[in-house]
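Reproduced below: data_26.csv, with CSV, C-alpha atoms.
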chain,number,residue,atom,x,y,z
M,1,MET,CA,-1.3,-34.3,-62.5
M,2,THR,CA,-2.2,-31.0,-60.8
M,3,ILE,CA,0.0,-28.8,-58.6
M,4,LEU,CA,-2.4,-28.6,-55.8
M,5,SER,CA,-4.4,-31.5,-54.3
M,6,VAL,CA,-8.1,-31.7,-53.5
M,7,ILE,CA,-7.1,-32.0,-49.8
M,8,ASP,CA,-5.2,-28.6,-50.0
M,9,LEU,CA,-8.2,-26.9,-51.6
M,10,LYS,CA,-10.7,-28.4,-49.2
M,11,GLU,CA,-8.6,-27.0,-46.3
M,12,HIS,CA,-8.6,-23.6,-48.1
M,13,LEU,CA,-12.3,-23.8,-48.6
M,14,ASN,CA,-12.9,-25.1,-45.1
M,15,ILE,CA,-14.8,-28.2,-46.5
M,16,ILE,CA,-14.9,-31.4,-44.4
M,17,GLU,CA,-17.1,-33.8,-46.4
M,18,GLY,CA,-16.1,-35.5,-49.6
M,19,THR,CA,-19.3,-35.0,-51.6
M,20,ASP,CA,-17.7,-32.3,-53.9
M,21,ASP,CA,-14.2,-33.9,-54.4
M,22,SER,CA,-14.7,-34.4,-58.1
M,23,VAL,CA,-16.1,-30.9,-58.6
M,24,ILE,CA,-13.1,-29.5,-56.7
M,25,ALA,CA,-10.7,-31.6,-58.7
M,26,ALA,CA,-12.2,-30.2,-62.0
M,27,LYS,CA,-12.0,-26.7,-60.7
M,28,ILE,CA,-8.3,-27.2,-59.8
M,29,ALA,CA,-7.5,-28.4,-63.3
M,30,ALA,CA,-9.4,-25.5,-64.9
M,31,ALA,CA,-7.7,-22.9,-62.6
M,32,GLU,CA,-4.2,-24.3,-63.2
M,33,ALA,CA,-4.8,-24.4,-67.0
M,34,TRP,CA,-6.1,-20.8,-66.9
M,35,ILE,CA,-3.2,-19.5,-64.8
M,36,ALA,CA,-0.6,-21.4,-66.9
M,37,GLN,CA,-2.0,-19.9,-70.1
M,38,PHE,CA,-2.1,-16.4,-68.5
M,39,ILE,CA,1.5,-16.4,-67.3
M,40,GLY,CA,2.7,-18.2,-70.3
M,41,VAL,CA,4.6,-21.0,-68.4
M,42,ALA,CA,3.6,-24.5,-67.5
M,43,LEU,CA,3.2,-24.6,-63.7
M,44,ASP,CA,5.4,-27.7,-63.5
M,45,ASP,CA,8.1,-26.3,-65.7
M,46,ALA,CA,11.4,-27.2,-63.9
M,47,THR,CA,13.4,-24.8,-65.9
M,48,ALA,CA,11.1,-21.8,-65.1
M,49,PHE,CA,10.6,-22.9,-61.5
M,50,PRO,CA,13.6,-25.0,-60.4
M,51,ASP,CA,12.5,-24.9,-56.8
M,52,GLY,CA,9.0,-26.0,-57.6
M,53,THR,CA,5.9,-23.9,-58.3
M,54,PRO,CA,6.2,-20.6,-56.3
M,55,GLU,CA,3.8,-20.1,-53.4
M,56,PRO,CA,2.2,-16.9,-54.9
M,57,ILE,CA,1.2,-19.0,-57.9
M,58,LYS,CA,-0.2,-21.7,-55.6
M,59,GLU,CA,-2.2,-19.0,-53.7
M,60,ALA,CA,-3.5,-17.7,-57.0
M,61,ILE,CA,-4.7,-21.2,-57.8
M,62,ARG,CA,-6.4,-21.4,-54.4
M,63,GLN,CA,-8.2,-18.1,-54.9
M,64,LEU,CA,-9.3,-18.9,-58.4
M,65,VAL,CA,-10.6,-22.4,-57.4
M,66,ALA,CA,-12.4,-20.8,-54.5
M,67,HIS,CA,-14.0,-18.3,-56.9
M,68,LEU,CA,-15.0,-21.0,-59.4
M,69,TYR,CA,-16.3,-23.3,-56.7
M,70,GLU,CA,-18.4,-20.6,-55.0
M,71,ASN,CA,-19.7,-19.1,-58.3
M,72,ARG,CA,-20.5,-21.9,-60.6
M,73,GLU,CA,-22.3,-19.9,-63.2
M,74,ALA,CA,-20.6,-18.2,-66.1
M,75,THR,CA,-21.5,-14.6,-64.9
M,76,LEU,CA,-22.0,-12.6,-61.8
M,77,VAL,CA,-24.1,-9.5,-62.3
M,78,GLY,CA,-22.2,-6.3,-61.6
M,79,LEU,CA,-18.9,-8.0,-60.8
M,80,SER,CA,-15.8,-9.0,-62.7
M,81,ILE,CA,-13.0,-11.4,-61.6
M,82,THR,CA,-10.9,-8.4,-60.7
M,83,ASP,CA,-13.7,-7.3,-58.3
M,84,VAL,CA,-13.9,-10.8,-56.9
M,85,SER,CA,-10.2,-11.4,-56.3
M,86,PRO,CA,-8.2,-8.2,-56.8
M,87,GLY,CA,-5.0,-9.8,-55.6
M,88,LEU,CA,-5.1,-12.7,-58.1
M,89,PHE,CA,-3.4,-10.8,-60.9
M,90,ASP,CA,-0.9,-9.3,-58.5
M,91,LEU,CA,0.1,-12.8,-57.3
M,92,MET,CA,0.7,-13.9,-60.9
M,93,ALA,CA,2.4,-10.7,-62.3
M,94,PRO,CA,6.0,-11.4,-61.4
M,95,TYR,CA,5.8,-14.8,-63.1
M,96,ARG,CA,4.1,-13.7,-66.4
M,97,VAL,CA,6.2,-14.1,-69.5
M,98,TRP,CA,5.5,-11.2,-71.9
M,99,SER,CA,5.8,-11.6,-75.6
M,100,PHE,CA,5.1,-9.1,-78.3
Would you mind giving the structure from this file in structure tokens?
Amino acid sequence: MTILSVIDLKEHLNIIEGTDDSVIAAKIAAAEAWIAQFIGVALDDATAFPDGTPEPIKEAIRQLVAHLYENREATLVGLSITDVSPGLFDLMAPYRVWSF
């Protein structure tokens, strides 16, 4: 079960047709797994997020899915993910669990 639905992402991506629903669903799962690993907390963790997944995390998921959907190859010449979505890490920063 994912935090965001295909419908939510299709609205974000401004997509009407359903031909890429399975691709979008896969991108959602990948983005949510990546973000959960990056912040060190399961996105559906009721202890960490008693009021549900915070909106900044949901927006980070949307941005990452949009990036993965629009750029389906492993690399972009001359760009990094920071260049593509500079706000992505800022959205996740308050929720990151640091361990040393």
Using Å and a single decimal, report how far CA of Ala33 in chain M sits from CA of Ile57 in chain M.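 These atoms are spaced 12.2 Å apart.
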Distance criterion (all atoms listed in the file): nearest to Trp98 in chain M out of M:Val41, M:Ala46, M:Val65, M:Val6: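 Closest residue, counting all atoms listed in the file: M:Val41.
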Among the residues M:Ile15, M:Leu68, M:Ala60, M:Leu9, the one that comes closest to Phe38 in chain M [using all atoms listed in the file]: M:Ala60
Could you work out how far CA of Ile3 in chain M lies from CA of Asp44 in chain M, giving the answer in Å with one decimal? 7.4 Å
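CA of Ile28 in chain M sits 10.3 Å away from CA of Gln63 in chain M.
Remark: for Val23 in chain M, the closest of the candidate residues M:Phe49, M:Arg72, M:Glu55, M:Gln37 is M:Arg72 (distances computed over only C-alpha atoms).
Proximity of M:Glu32, M:Asp51, M:Asp45, M:Glu59 to His12 in chain M, computed with all atoms listed in the file, is greatest for M:Glu59.
Each of M:Thr19, M:Glu11, M:Ile24, M:Leu4 was checked against Tyr69 in chain M using all atoms listed in the file; the smallest atom-to-atom distance is that of M:Ile24.
With only C-alpha atoms as the atoms that count, the residue of M:Gly18, M:Gly87, M:Gly40, M:Pro50 with the shortest distance to Arg62 in chain M is M:Gly87.
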